[in-house]
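Just structure12.cif here, mmCIF, C-alpha atoms and all ligand atoms:
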data_work
#
loop_
_atom_site.label_atom_id
_atom_site.label_comp_id
_atom_site.auth_asym_id
_atom_site.auth_seq_id
_atom_site.Cartn_x
_atom_site.Cartn_y
_atom_site.Cartn_z
CA MET E 1 0.00 0.00 0.00
CA LYS E 2 1.19 3.52 -0.87
CA ILE E 3 0.06 6.29 1.45
CA LEU E 4 0.64 9.98 0.74
CA VAL E 5 0.50 12.32 3.74
CA THR E 6 0.12 16.01 2.91
CA GLY E 7 1.18 18.55 5.54
CA ASN E 8 3.27 15.84 7.18
CA MET E 9 5.90 18.34 8.39
CA GLY E 10 3.61 20.04 10.89
CA TYR E 11 2.54 19.29 14.45
CA VAL E 12 0.35 16.23 13.85
CA GLY E 13 2.19 14.75 10.85
CA PRO E 14 5.21 13.27 12.66
CA LEU E 15 2.91 11.25 14.95
CA VAL E 16 0.82 10.07 12.03
CA VAL E 17 3.89 8.83 10.19
CA ARG E 18 5.18 7.04 13.31
CA ARG E 19 1.83 5.37 13.81
CA LEU E 20 1.56 4.26 10.16
CA ARG E 21 5.12 2.96 10.25
CA GLU E 22 4.11 0.69 13.14
CA SER E 23 0.68 -0.36 11.89
CA HIS E 24 1.60 -0.73 8.20
CA PRO E 25 5.27 -1.75 8.23
CA GLN E 26 5.16 -2.76 4.57
CA ALA E 27 3.51 0.44 3.35
CA THR E 28 5.32 3.03 1.25
CA LEU E 29 4.93 6.32 3.09
CA ILE E 30 5.28 9.53 1.13
CA GLY E 31 5.22 13.06 2.52
CA TYR E 32 4.15 16.22 0.68
CA ASP E 33 4.71 19.58 2.36
CA MET E 34 5.85 23.16 1.71
CA GLY E 35 7.97 23.00 4.84
CA TYR E 36 6.80 26.26 6.44
CA PHE E 37 7.69 24.84 9.86
CA ALA E 38 10.31 22.30 8.85
CA HIS E 39 12.95 24.09 10.93
CA CYS E 40 10.82 24.22 14.10
CA LEU E 41 11.94 20.91 15.60
CA THR E 42 11.39 20.34 19.31
CA GLY E 43 13.61 17.78 20.97
CA ALA E 44 13.48 15.36 18.03
CA SER E 45 16.28 12.82 18.12
CA ARG E 46 16.08 12.41 14.34
CA LEU E 47 14.40 14.15 11.47
CA PRO E 48 10.81 12.85 11.61
CA GLU E 49 10.69 12.61 7.79
CA SER E 50 13.45 9.99 7.86
CA ARG E 51 10.70 7.50 8.75
CA GLU E 52 9.21 7.97 5.29
CA ASP E 53 10.22 6.43 1.98
CA GLN E 54 9.95 9.67 0.08
CA GLN E 55 9.43 13.37 0.79
CA TYR E 56 8.21 16.01 -1.67
CA PHE E 57 8.68 19.71 -0.96
CA GLY E 58 5.74 21.01 -2.91
CA ASP E 59 2.76 23.31 -2.80
CA ILE E 60 -0.58 21.57 -2.56
CA ARG E 61 -2.01 24.36 -4.69
CA ASP E 62 -0.31 22.87 -7.74
CA VAL E 63 0.33 19.22 -6.98
CA PRO E 64 1.18 17.40 -10.24
CA GLU E 65 -1.31 14.67 -11.17
CA GLN E 66 1.53 12.21 -11.78
CA THR E 67 2.52 12.46 -8.09
CA LEU E 68 -0.80 10.78 -7.26
CA GLN E 69 -0.46 7.87 -9.68
CA GLY E 70 -0.27 4.55 -7.83
CA ILE E 71 -1.24 6.07 -4.45
CA ASP E 72 -3.83 4.02 -2.51
CA ALA E 73 -4.68 6.46 0.27
CA ILE E 74 -4.20 10.17 0.92
CA ILE E 75 -4.14 11.63 4.42
CA HIS E 76 -4.75 15.32 3.89
CA LEU E 77 -3.35 17.26 6.84
CA CYS E 78 -1.94 20.20 4.93
CA ALA E 79 -3.66 23.46 5.86
CA ILE E 80 -3.24 26.95 7.21
CA SER E 81 -4.36 25.56 10.42
CA ASN E 82 -5.72 27.80 13.10
CA ASP E 83 -8.04 30.75 13.65
CA PRO E 84 -5.39 33.47 14.12
CA MET E 85 -3.54 32.44 10.93
CA GLY E 86 -6.87 32.31 9.11
CA ALA E 87 -7.63 35.85 10.25
CA THR E 88 -4.25 37.19 9.08
CA PHE E 89 -4.07 35.19 5.84
CA GLU E 90 -7.77 34.86 5.08
CA LYS E 91 -7.64 34.59 1.29
CA VAL E 92 -4.76 32.10 1.36
CA THR E 93 -6.50 30.07 4.05
CA LEU E 94 -9.60 29.61 1.90
CA ASP E 95 -7.47 28.93 -1.15
CA ILE E 96 -5.26 26.27 0.46
CA ASN E 97 -7.73 24.75 2.88
CA HIS E 98 -10.74 24.64 0.57
CA ARG E 99 -10.02 25.16 -3.14
CA ALA E 100 -6.70 23.31 -3.23
CA SER E 101 -8.03 20.51 -1.00
CA ILE E 102 -10.91 19.84 -3.36
CA ASP E 103 -8.63 20.15 -6.36
CA LEU E 104 -6.38 17.53 -4.73
CA ALA E 105 -9.37 15.26 -4.06
CA ARG E 106 -10.53 15.55 -7.70
CA LYS E 107 -7.06 14.71 -9.00
CA ALA E 108 -6.82 11.85 -6.51
CA LYS E 109 -10.12 10.36 -7.63
CA ARG E 110 -9.04 10.60 -11.29
CA ALA E 111 -5.74 8.92 -10.44
CA GLY E 112 -7.55 5.97 -8.81
CA VAL E 113 -6.78 6.78 -5.15
CA LYS E 114 -9.19 4.69 -3.08
CA LYS E 115 -9.24 6.42 0.32
CA PHE E 116 -9.15 10.12 1.18
CA VAL E 117 -8.85 11.14 4.82
CA PHE E 118 -9.49 14.81 5.53
CA ALA E 119 -8.42 16.52 8.76
CA SER E 120 -11.42 18.66 9.66
CA SER E 121 -12.09 20.30 13.00
CA CYS E 122 -14.74 20.58 15.70
CA SER E 123 -14.29 24.35 15.36
CA VAL E 124 -17.03 24.05 12.69
CA TYR E 125 -19.44 24.12 15.68
CA GLY E 126 -18.17 27.58 16.68
CA PHE E 127 -20.37 28.73 19.52
CA ALA E 128 -22.90 26.12 20.51
CA GLU E 129 -25.17 26.09 23.51
CA GLY E 130 -27.68 23.39 24.36
CA GLY E 131 -25.66 20.22 24.81
CA PRO E 132 -22.89 18.38 23.01
CA ARG E 133 -22.91 18.75 19.23
CA ARG E 134 -23.55 15.79 16.96
CA GLU E 135 -22.38 15.55 13.38
CA GLU E 136 -25.88 16.28 12.01
CA ASP E 137 -26.37 19.40 14.15
CA ALA E 138 -26.28 22.88 12.68
CA LEU E 139 -22.80 24.26 12.09
CA ASN E 140 -21.67 27.69 13.16
CA PRO E 141 -18.22 28.33 11.68
CA LEU E 142 -17.02 31.66 13.07
CA THR E 143 -13.67 32.05 11.34
CA ALA E 144 -12.09 31.70 7.90
CA TYR E 145 -10.39 28.54 9.16
CA ALA E 146 -13.63 26.93 10.32
CA LYS E 147 -15.47 28.05 7.18
CA SER E 148 -12.77 26.48 4.99
CA LYS E 149 -13.30 23.15 6.77
CA VAL E 150 -17.09 23.27 6.28
CA GLN E 151 -16.77 24.09 2.57
CA THR E 152 -14.27 21.29 2.01
CA GLU E 153 -16.47 18.76 3.78
CA GLN E 154 -19.44 19.74 1.60
CA ASP E 155 -17.54 19.42 -1.68
CA LEU E 156 -15.80 16.24 -0.58
CA ALA E 157 -19.18 14.64 0.15
CA ALA E 158 -20.16 15.24 -3.48
CA LEU E 159 -16.96 13.61 -4.77
CA ALA E 160 -17.05 10.46 -2.63
CA SER E 161 -18.12 7.24 -4.31
CA GLU E 162 -17.91 3.47 -3.95
CA SER E 163 -14.38 3.56 -5.28
CA PHE E 164 -13.34 6.85 -3.60
CA ILE E 165 -14.10 6.54 0.11
CA ALA E 166 -13.70 9.82 1.93
CA THR E 167 -13.65 10.41 5.67
CA SER E 168 -13.78 13.82 7.28
CA LEU E 169 -12.42 13.64 10.80
CA ARG E 170 -13.67 16.54 12.91
CA PHE E 171 -10.91 16.63 15.46
CA ALA E 172 -11.20 18.13 18.91
CA THR E 173 -8.45 20.64 19.80
CA ALA E 174 -5.10 18.90 19.75
CA CYS E 175 -2.64 18.72 22.60
CA GLY E 176 0.51 16.81 23.48
CA MET E 177 4.17 16.52 22.61
CA SER E 178 5.37 16.26 19.01
CA ASP E 179 8.66 16.49 17.16
CA ARG E 180 7.24 19.83 16.01
CA LEU E 181 5.45 21.05 19.12
CA ARG E 182 3.04 23.99 18.91
CA LEU E 183 2.41 26.36 21.78
CA ASP E 184 -0.60 28.03 20.19
CA LEU E 185 -2.91 25.34 21.58
CA VAL E 186 -4.64 25.79 24.90
CA LEU E 187 -3.24 22.91 26.97
CA ASN E 188 0.24 23.16 25.46
CA ASP E 189 0.26 26.90 26.24
CA PHE E 190 -0.75 26.26 29.87
CA VAL E 191 1.97 23.68 30.44
CA ALA E 192 4.63 25.88 28.83
CA GLY E 193 3.54 28.87 30.96
CA ALA E 194 3.56 26.75 34.10
CA ILE E 195 7.10 25.56 33.41
CA VAL E 196 8.79 28.78 32.33
CA SER E 197 7.09 31.33 34.55
CA LYS E 198 5.09 29.35 37.11
CA ARG E 199 2.01 31.07 35.78
CA ILE E 200 -0.97 30.03 33.72
CA ASN E 201 -2.61 33.05 32.13
CA ILE E 202 -6.10 32.14 31.01
CA LEU E 203 -6.94 34.65 28.31
CA SER E 204 -10.70 34.11 28.75
CA ASP E 205 -12.82 33.93 31.92
CA GLY E 206 -12.13 30.18 31.94
CA THR E 207 -15.68 29.05 31.23
CA PRO E 208 -15.55 28.16 27.48
CA TRP E 209 -15.92 24.48 26.67
CA ARG E 210 -13.15 22.99 24.59
CA PRO E 211 -12.99 19.27 23.76
CA LEU E 212 -9.41 18.04 23.50
CA ILE E 213 -7.59 15.13 21.93
CA HIS E 214 -4.00 13.99 22.22
CA VAL E 215 -1.97 14.00 18.97
CA LYS E 216 -1.21 10.29 19.41
CA ASP E 217 -4.94 9.63 19.47
CA MET E 218 -5.42 11.77 16.35
CA ALA E 219 -2.93 9.47 14.64
CA ARG E 220 -4.90 6.38 15.80
CA ALA E 221 -8.11 7.85 14.36
CA ILE E 222 -6.38 8.59 11.06
CA ASP E 223 -5.13 5.01 10.92
CA TRP E 224 -8.73 3.86 11.44
CA ALA E 225 -9.97 6.12 8.64
CA VAL E 226 -7.34 4.77 6.22
CA GLN E 227 -8.63 1.27 6.90
CA ARG E 228 -12.31 2.24 7.00
CA ASP E 229 -14.59 0.24 4.77
CA ARG E 230 -17.72 1.58 3.07
CA ARG E 231 -19.81 -0.70 5.31
CA ASP E 232 -18.66 1.38 8.32
CA GLY E 233 -20.31 4.68 7.63
CA GLY E 234 -20.72 4.83 3.84
CA SER E 235 -18.67 6.30 0.97
CA PHE E 236 -18.52 9.65 2.75
CA LEU E 237 -18.42 9.95 6.50
CA THR E 238 -18.13 13.02 8.70
CA ILE E 239 -17.29 12.08 12.24
CA ASN E 240 -16.38 13.86 15.48
CA VAL E 241 -13.06 12.56 16.76
CA GLY E 242 -12.33 12.74 20.47
CA SER E 243 -13.98 11.37 23.59
CA ASP E 244 -16.83 12.43 25.86
CA ALA E 245 -14.44 12.31 28.82
CA TRP E 246 -12.36 15.08 27.23
CA ASN E 247 -15.05 17.79 27.03
CA TYR E 248 -13.42 20.26 29.43
CA GLN E 249 -13.86 23.86 30.39
CA VAL E 250 -10.69 25.87 29.97
CA LYS E 251 -10.42 26.47 33.74
CA ASP E 252 -10.43 22.67 34.32
CA LEU E 253 -7.46 22.32 32.00
CA ALA E 254 -5.56 24.97 33.94
CA ALA E 255 -6.37 23.20 37.21
CA ALA E 256 -5.08 19.88 35.85
CA VAL E 257 -1.79 21.52 34.86
CA ALA E 258 -1.47 23.27 38.24
CA ASN E 259 -1.87 19.86 39.91
CA LEU E 260 1.08 18.41 38.08
CA VAL E 261 3.49 21.35 37.95
CA PRO E 262 4.23 22.54 41.51
CA ASN E 263 3.74 26.13 42.76
CA VAL E 264 1.88 27.45 39.76
CA GLU E 265 -0.42 30.44 39.94
CA VAL E 266 -3.50 30.46 37.72
CA SER E 267 -4.87 33.82 36.60
CA ILE E 268 -8.22 34.28 34.93
CA ASN E 269 -8.98 37.33 32.83
CA LYS E 270 -12.19 38.52 34.48
CA ASP E 271 -12.48 41.42 32.04
CA ALA E 272 -12.22 39.21 28.97
CA GLN E 273 -14.84 39.56 26.27
CA PRO E 274 -16.95 36.39 26.24
CA ASP E 275 -15.06 33.79 24.17
CA LYS E 276 -16.97 33.36 20.93
CA ARG E 277 -15.74 29.79 20.60
CA SER E 278 -17.29 27.39 23.06
CA TYR E 279 -18.83 24.03 22.37
CA ARG E 280 -19.19 20.53 23.72
CA VAL E 281 -19.10 17.63 21.32
CA ASN E 282 -20.80 14.25 21.20
CA PHE E 283 -18.48 11.42 20.17
CA ASP E 284 -21.01 8.53 20.10
CA LYS E 285 -20.58 7.83 16.41
CA PHE E 286 -16.81 7.55 16.75
CA SER E 287 -17.11 5.27 19.81
CA LYS E 288 -19.43 3.01 17.87
CA LEU E 289 -17.54 2.81 14.57
CA ALA E 290 -13.89 3.03 15.58
CA GLN E 291 -13.61 0.32 18.25
CA GLY E 292 -9.95 -0.53 18.74
CA PHE E 293 -8.86 2.97 17.64
CA LEU E 294 -10.50 5.10 20.35
CA PRO E 295 -8.50 7.63 22.41
CA THR E 296 -6.28 6.13 25.07
CA VAL E 297 -4.39 9.11 26.52
CA ASP E 298 -5.98 10.83 29.53
CA LEU E 299 -5.59 14.43 30.60
CA GLN E 300 -3.04 13.70 33.34
CA SER E 301 -0.85 11.69 30.97
CA ALA E 302 -1.08 14.44 28.36
CA VAL E 303 0.07 17.07 30.86
CA LYS E 304 2.91 14.85 32.10
CA ASP E 305 4.00 14.11 28.53
CA LEU E 306 4.13 17.83 27.72
CA ARG E 307 5.83 18.70 31.00
CA ASP E 308 8.48 16.02 30.54
CA GLY E 309 8.96 16.88 26.86
CA LEU E 310 9.50 20.59 27.59
CA LEU E 311 11.85 19.83 30.49
CA ALA E 312 13.86 17.44 28.30
CA MET E 313 14.22 20.25 25.73
CA GLN E 314 15.36 22.55 28.57
CA PHE E 315 12.62 24.90 27.46
CA ARG E 316 13.00 28.27 29.18
CA ASP E 317 11.55 30.80 26.75
CA GLN E 318 9.40 33.15 28.83
CA GLU E 319 8.46 34.98 25.64
CA PHE E 320 7.19 31.85 23.95
CA ARG E 321 3.92 33.52 22.96
CA THR E 322 5.94 35.58 20.49
CA GLY E 323 8.32 32.75 19.56
CA GLU E 324 8.62 30.29 16.70
CA LEU E 325 6.44 27.62 18.30
CA ILE E 326 3.48 29.90 17.60
CA ARG E 327 2.58 29.18 13.97
CA LEU E 328 1.37 32.69 13.17
CA VAL E 329 4.65 34.19 14.45
CA THR E 330 6.71 31.85 12.24
CA LEU E 331 4.66 32.54 9.12
CA LYS E 332 4.77 36.30 9.74
CA ARG E 333 8.54 36.20 10.22
CA LEU E 334 9.02 34.26 6.99
CA ARG E 335 6.78 36.77 5.26
CA GLU E 336 8.42 39.87 6.76
CA SER E 337 11.94 38.63 6.02
CA GLY E 338 10.91 38.32 2.39
CA GLN E 339 11.18 34.54 2.20
CA LEU E 340 7.48 34.01 1.56
CA THR E 341 5.26 36.06 -0.77
CA ASP E 342 1.92 37.51 0.38
CA ASP E 343 0.35 34.31 -0.96
CA LEU E 344 2.68 32.23 1.21
CA VAL E 345 4.73 30.88 -1.68
CA TRP E 346 8.50 30.45 -1.19
CA LYS E 347 10.16 33.33 -3.06
CA GLU E 348 13.00 31.27 -4.46
CA ARG E 349 10.45 28.93 -6.01
CA SER E 350 7.95 31.46 -7.34
CA ASN E 351 8.22 33.62 -10.46
CA VAL E 352 7.83 36.95 -8.65
N1 LIG E 401 -3.78 21.01 15.83
C1 LIG E 401 -5.10 21.00 16.06
O1 LIG E 401 -5.61 21.38 17.14
C2 LIG E 401 -6.04 20.50 15.03
C3 LIG E 401 -7.33 20.25 15.44
C4 LIG E 401 -8.23 19.88 14.50
C5 LIG E 401 -7.83 19.71 13.19
N2 LIG E 401 -6.56 19.95 12.82
C6 LIG E 401 -6.19 19.80 11.41
O2 LIG E 401 -5.20 18.79 11.31
C7 LIG E 401 -4.31 19.12 10.25
C8 LIG E 401 -2.88 19.10 10.76
O3 LIG E 401 -2.76 20.07 11.80
P1 LIG E 401 -1.36 20.52 12.38
O4 LIG E 401 -1.65 21.00 13.75
O5 LIG E 401 -0.34 19.47 12.16
O6 LIG E 401 -1.05 21.78 11.44
P2 LIG E 401 0.37 22.48 11.19
O7 LIG E 401 0.08 23.91 10.87
O8 LIG E 401 1.29 22.18 12.29
O9 LIG E 401 0.89 21.74 9.88
C9 LIG E 401 0.32 21.96 8.63
C10 LIG E 401 1.35 21.60 7.58
O10 LIG E 401 0.80 21.89 6.29
C11 LIG E 401 1.82 22.44 5.49
N3 LIG E 401 1.23 23.27 4.45
C12 LIG E 401 0.45 24.37 4.61
N4 LIG E 401 0.12 24.88 3.41
C13 LIG E 401 0.68 24.08 2.48
C14 LIG E 401 0.68 24.08 1.05
N5 LIG E 401 0.07 25.04 0.34
N6 LIG E 401 1.34 23.08 0.40
C15 LIG E 401 1.99 22.11 1.09
N7 LIG E 401 2.04 22.08 2.45
C16 LIG E 401 1.39 23.05 3.13
C17 LIG E 401 2.68 23.26 6.45
O11 LIG E 401 3.99 23.47 5.94
C18 LIG E 401 2.66 22.41 7.70
O12 LIG E 401 3.75 21.53 7.75
C19 LIG E 401 -4.75 20.47 9.71
O13 LIG E 401 -5.57 20.28 8.58
C20 LIG E 401 -5.56 21.04 10.83
O14 LIG E 401 -6.52 21.97 10.37
C21 LIG E 401 -5.65 20.33 13.71
#

Using the file provided, produce a representation of the structure as structure tokens.
Amino acid sequence: MKILVTGNMGYVGPLVVRRLRESHPQATLIGYDMGYFAHCLTGASRLPESREDQQYFGDIRDVPEQTLQGIDAIIHLCAISNDPMGATFEKVTLDINHRASIDLARKAKRAGVKKFVFASSCSVYGFAEGGPRREEDALNPLTAYAKSKVQTEQDLAALASESFIATSLRFATACGMSDRLRLDLVLNDFVAGAIVSKRINILSDGTPWRPLIHVKDMARAIDWAVQRDRRDGGSFLTINVGSDAWNYQVKDLAAAVANLVPNVEVSINKDAQPDKRSYRVNFDKFSKLAQGFLPTVDLQSAVKDLRDGLLAMQFRDQEFRTGELIRLVTLKRLRESGQLTDDLVWKERSNV
């Protein structure tokens, strides 16, 4: 089996490749990435991409059709992947996350790719009161990022067929250690703050609901989706990925971190504007269909894993919120130093 992973050089990708290497030892694993964050390694003992058979440095906006010939499954992680980046690079976000994703799916279908796994997000629920959201519930995408995921899901549904099985995994907010750690995610930010300054600054009033999932468990779910058969959910399936036990309020996450990192002070921003993003999610469908691939990491283990990972890196950057482990900061720096164009194309590779 040949599996192509787009966006493999990000936060989630290295764990996906590790997982596939274990579960499909005979598979040919191929990465496809622009490498925006390739240099942002965090305590990796080897280049994560060395676990693959082949790596392309390419732009998903113009992936050559011949690259997809002979591929059995595509795991499509590549995206401008959070709300702040979507706000700063709105046009590019819609172009990469929606238009180019669907273009990739069309090319893949033409090339005979059999499985297409799309990394969507529970942020499509936006602000949702009245109980945990199910897949069929109304969506409320509040940002360019969330809108791009909704549009891609809709168009992907129309492309799926008996011979092109597509799965849209609506992931909860990720957390946990990676070879390319991000600190622009709520739990990761709390653990980093606790370690470097003995403080957790909650930017909201702490009440928003935020379901979480560990990156290792995201990789398990992706492995399930690669193997998913049409009998388990049909040619196109949209599914919430996470677990009911991980529907937390932000203040609970801070408390869990404070329990495991000694002498930490938690501050809540009482004057914060109400957080527009707050939702609980129902994961019944995932529990039913993905037996054997359900989340295994609990909150305590996730915090310990982050704490130990950051300590092993001797992480001391008190200014980490303006550092390179914040994706928006890295992209802006690459843009401002003239290495990327306004459209986020590498200058040396573009014709400008
Ligand atoms: N991290 C989360 O909390 C989370 C939650 C839900 C869903 N997701 C989704 O999972 C996927 C992976 O997330 P992540 O956290 O690893 O993101 P990331 O930003 O860390 O990595 C994305 C990767 O895509 C690559 N990329 C971006 N544009 C590209 C282009 N035009 N051509 C080729 N490569 C390009 C980047 O270089 C980067 O390596 C994304 O689709 C994201 O939206 C993430």

Counting only C-alpha atoms and all ligand atoms, closest pick from E:Glu22, E:Glu90, E:Glu319, E:Asp343 relative to ligand LIG 401 (chain E) is E:Asp343

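When all atoms listed in the file are used to measure the gap to ligand LIG 401 (chain E), the shortest distance among E:Arg133, E:Lys91, E:Arg170, E:Lys332 belongs to E:Arg170.
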
For Glu265 of chain E, the closest of E:Gln227, E:Ser197, E:Gln300, E:Ser235 counting all atoms listed in the file is E:Ser197

Among E:Arg61, E:Lys114, E:His24, E:Arg230, ligand LIG 401 (chain E) is approached most closely, using only C-alpha atoms and all ligand atoms, by E:Arg61

| request: Please identify the residues whose atoms come within 7 Å of ligand LIG 401 (chain E), using all atoms listed in the file, and report them as a PyMOL selection string. | output: chain E and resi 6-13+32-38+58-61+76-82+96+119-122+170-175+185+327

Quiz item: Neighbours of Phe315 of chain E within 10 Å (only C-alpha atoms; same-chain residues fewer than 3 positions away dropped), as an MDAnalysis selection string?
Solution: chainID E and resid 42:43 192 195:196 307 309:312 318 320

>> List as a list in words the protein and nucleic acid residues near Arg199 of chain E, meaning an atom at most 6 Å away when all atoms listed in the file are counted, but skip any in the same chain fewer than 3 places from it.
In response: Gly193, Ala194, Val264, Glu265 and Val266 of chain E

Save out the residues we just selected, C-alpha atoms, as a PDB file, in the frame of the given file.
ATOM      1  CA  GLY E 193       3.540  28.870  30.960  1.00  0.00           C
ATOM      2  CA  ALA E 194       3.560  26.750  34.100  1.00  0.00           C
ATOM      3  CA  VAL E 264       1.880  27.450  39.760  1.00  0.00           C
ATOM      4  CA  GLU E 265      -0.420  30.440  39.940  1.00  0.00           C
ATOM      5  CA  VAL E 266      -3.500  30.460  37.720  1.00  0.00           C
TER       6      VAL E 266
END

**Asked** From the list E:Gln151, E:Thr167, E:Thr238, E:Ser45, which residue is nearest Val117 of chain E when using all atoms listed in the file?
**Response**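 Checking each of E:Gln151, E:Thr167, E:Thr238, E:Ser45 against Val117 of chain E, counting all atoms listed in the file, the winner is E:Thr167.
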
**Q.** Point-to-point distance from atom CA of Ala166 of chain E to atom CA of Phe236 of chain E, Å rounded to tenths
**A.**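 Pair atom CA of Ala166 of chain E / atom CA of Phe236 of chain E returns 4.9 Å.
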
TODO: Grab the atom CA of Asp95 of chain E to atom CA of Pro64 of chain E distance for me, in Å with one decimal place.
DONE: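 Rounded to one decimal, the two atoms are 17.0 Å apart.
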
How far is it from atom CA of Asp305 of chain E to atom CA of Glu49 of chain E, in Å with one decimal?
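Computed distance, atom CA of Asp305 of chain E to atom CA of Glu49 of chain E, equals 21.8 Å.
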
* Asked: Quick one: of E:Pro25, E:Pro84, E:Gly70, E:Gly176, who's nearest to Leu299 of chain E, counting only C-alpha atoms?
  ->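 Ranking E:Pro25, E:Pro84, E:Gly70, E:Gly176 by distance to Leu299 of chain E, first place goes to E:Gly176.
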
Quiz item: Which residues, written as JSON, numbers by chain, have at least one atom at most 10 Å from segment 268-283 of chain E, with all atoms listed in the file counted and residues fewer than 2 positions away on the same chain left out?
Solution: {"E": [122, 123, 124, 125, 126, 127, 128, 129, 130, 131, 132, 133, 134, 135, 140, 141, 142, 143, 172, 200, 201, 202, 203, 204, 205, 206, 207, 208, 209, 210, 211, 212, 239, 240, 241, 242, 243, 244, 245, 246, 247, 248, 249, 250, 251, 254, 266, 285, 286, 287, 288]}

Can I get the selected residues back with C-alpha atoms, as a compact mmCIF listing (two decimals), in the coordinates of the input?
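Output (part_32.txt):
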# COMPACT_ATOMS: atom_id res chain seq x y z
CA CYS E 122 -14.74 20.58 15.70
CA SER E 123 -14.29 24.35 15.36
CA VAL E 124 -17.03 24.05 12.69
CA TYR E 125 -19.44 24.12 15.68
CA GLY E 126 -18.17 27.58 16.68
CA PHE E 127 -20.37 28.73 19.52
CA ALA E 128 -22.90 26.12 20.51
CA GLU E 129 -25.17 26.09 23.51
CA GLY E 130 -27.68 23.39 24.36
CA GLY E 131 -25.66 20.22 24.81
CA PRO E 132 -22.89 18.38 23.01
CA ARG E 133 -22.91 18.75 19.23
CA ARG E 134 -23.55 15.79 16.96
CA GLU E 135 -22.38 15.55 13.38
CA ASN E 140 -21.67 27.69 13.16
CA PRO E 141 -18.22 28.33 11.68
CA LEU E 142 -17.02 31.66 13.07
CA THR E 143 -13.67 32.05 11.34
CA ALA E 172 -11.20 18.13 18.91
CA ILE E 200 -0.97 30.03 33.72
CA ASN E 201 -2.61 33.05 32.13
CA ILE E 202 -6.10 32.14 31.01
CA LEU E 203 -6.94 34.65 28.31
CA SER E 204 -10.70 34.11 28.75
CA ASP E 205 -12.82 33.93 31.92
CA GLY E 206 -12.13 30.18 31.94
CA THR E 207 -15.68 29.05 31.23
CA PRO E 208 -15.55 28.16 27.48
CA TRP E 209 -15.92 24.48 26.67
CA ARG E 210 -13.15 22.99 24.59
CA PRO E 211 -12.99 19.27 23.76
CA LEU E 212 -9.41 18.04 23.50
CA ILE E 239 -17.29 12.08 12.24
CA ASN E 240 -16.38 13.86 15.48
CA VAL E 241 -13.06 12.56 16.76
CA GLY E 242 -12.33 12.74 20.47
CA SER E 243 -13.98 11.37 23.59
CA ASP E 244 -16.83 12.43 25.86
CA ALA E 245 -14.44 12.31 28.82
CA TRP E 246 -12.36 15.08 27.23
CA ASN E 247 -15.05 17.79 27.03
CA TYR E 248 -13.42 20.26 29.43
CA GLN E 249 -13.86 23.86 30.39
CA VAL E 250 -10.69 25.87 29.97
CA LYS E 251 -10.42 26.47 33.74
CA ALA E 254 -5.56 24.97 33.94
CA VAL E 266 -3.50 30.46 37.72
CA LYS E 285 -20.58 7.83 16.41
CA PHE E 286 -16.81 7.55 16.75
CA SER E 287 -17.11 5.27 19.81
CA LYS E 288 -19.43 3.01 17.87

| query | Excluding same-chain residues fewer than 4 positions from Leu289 of chain E, what lies within 9 Å of it counting only C-alpha atoms, as a list in words? | reply |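 Residues meeting the cut-off are Asp232, Gly233, Asp284 and Lys285 of chain E.
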
Radius query 8 Å about (-14.2, 21.2, 3.3), atoms used: all atoms listed in the file, as a list in words:
Asn97, His98, Ser101, Ile102, Ser120, Lys147, Ser148, Lys149, Val150, Gln151, Thr152, Glu153, Gln154, Asp155 and Leu156 of chain E

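Near Arg51 of chain E, within a cut-off of 12 Å and counting only C-alpha atoms, sit the residues Asn8, Met9, Gly13, Pro14, Leu15, Val16, Val17, Arg18, Arg19, Leu20, Arg21, Glu22, Pro25, Ala27, Thr28, Leu29, Ile30, Gly31 and Arg46 of chain E, with same-chain residues fewer than 5 positions away left out.
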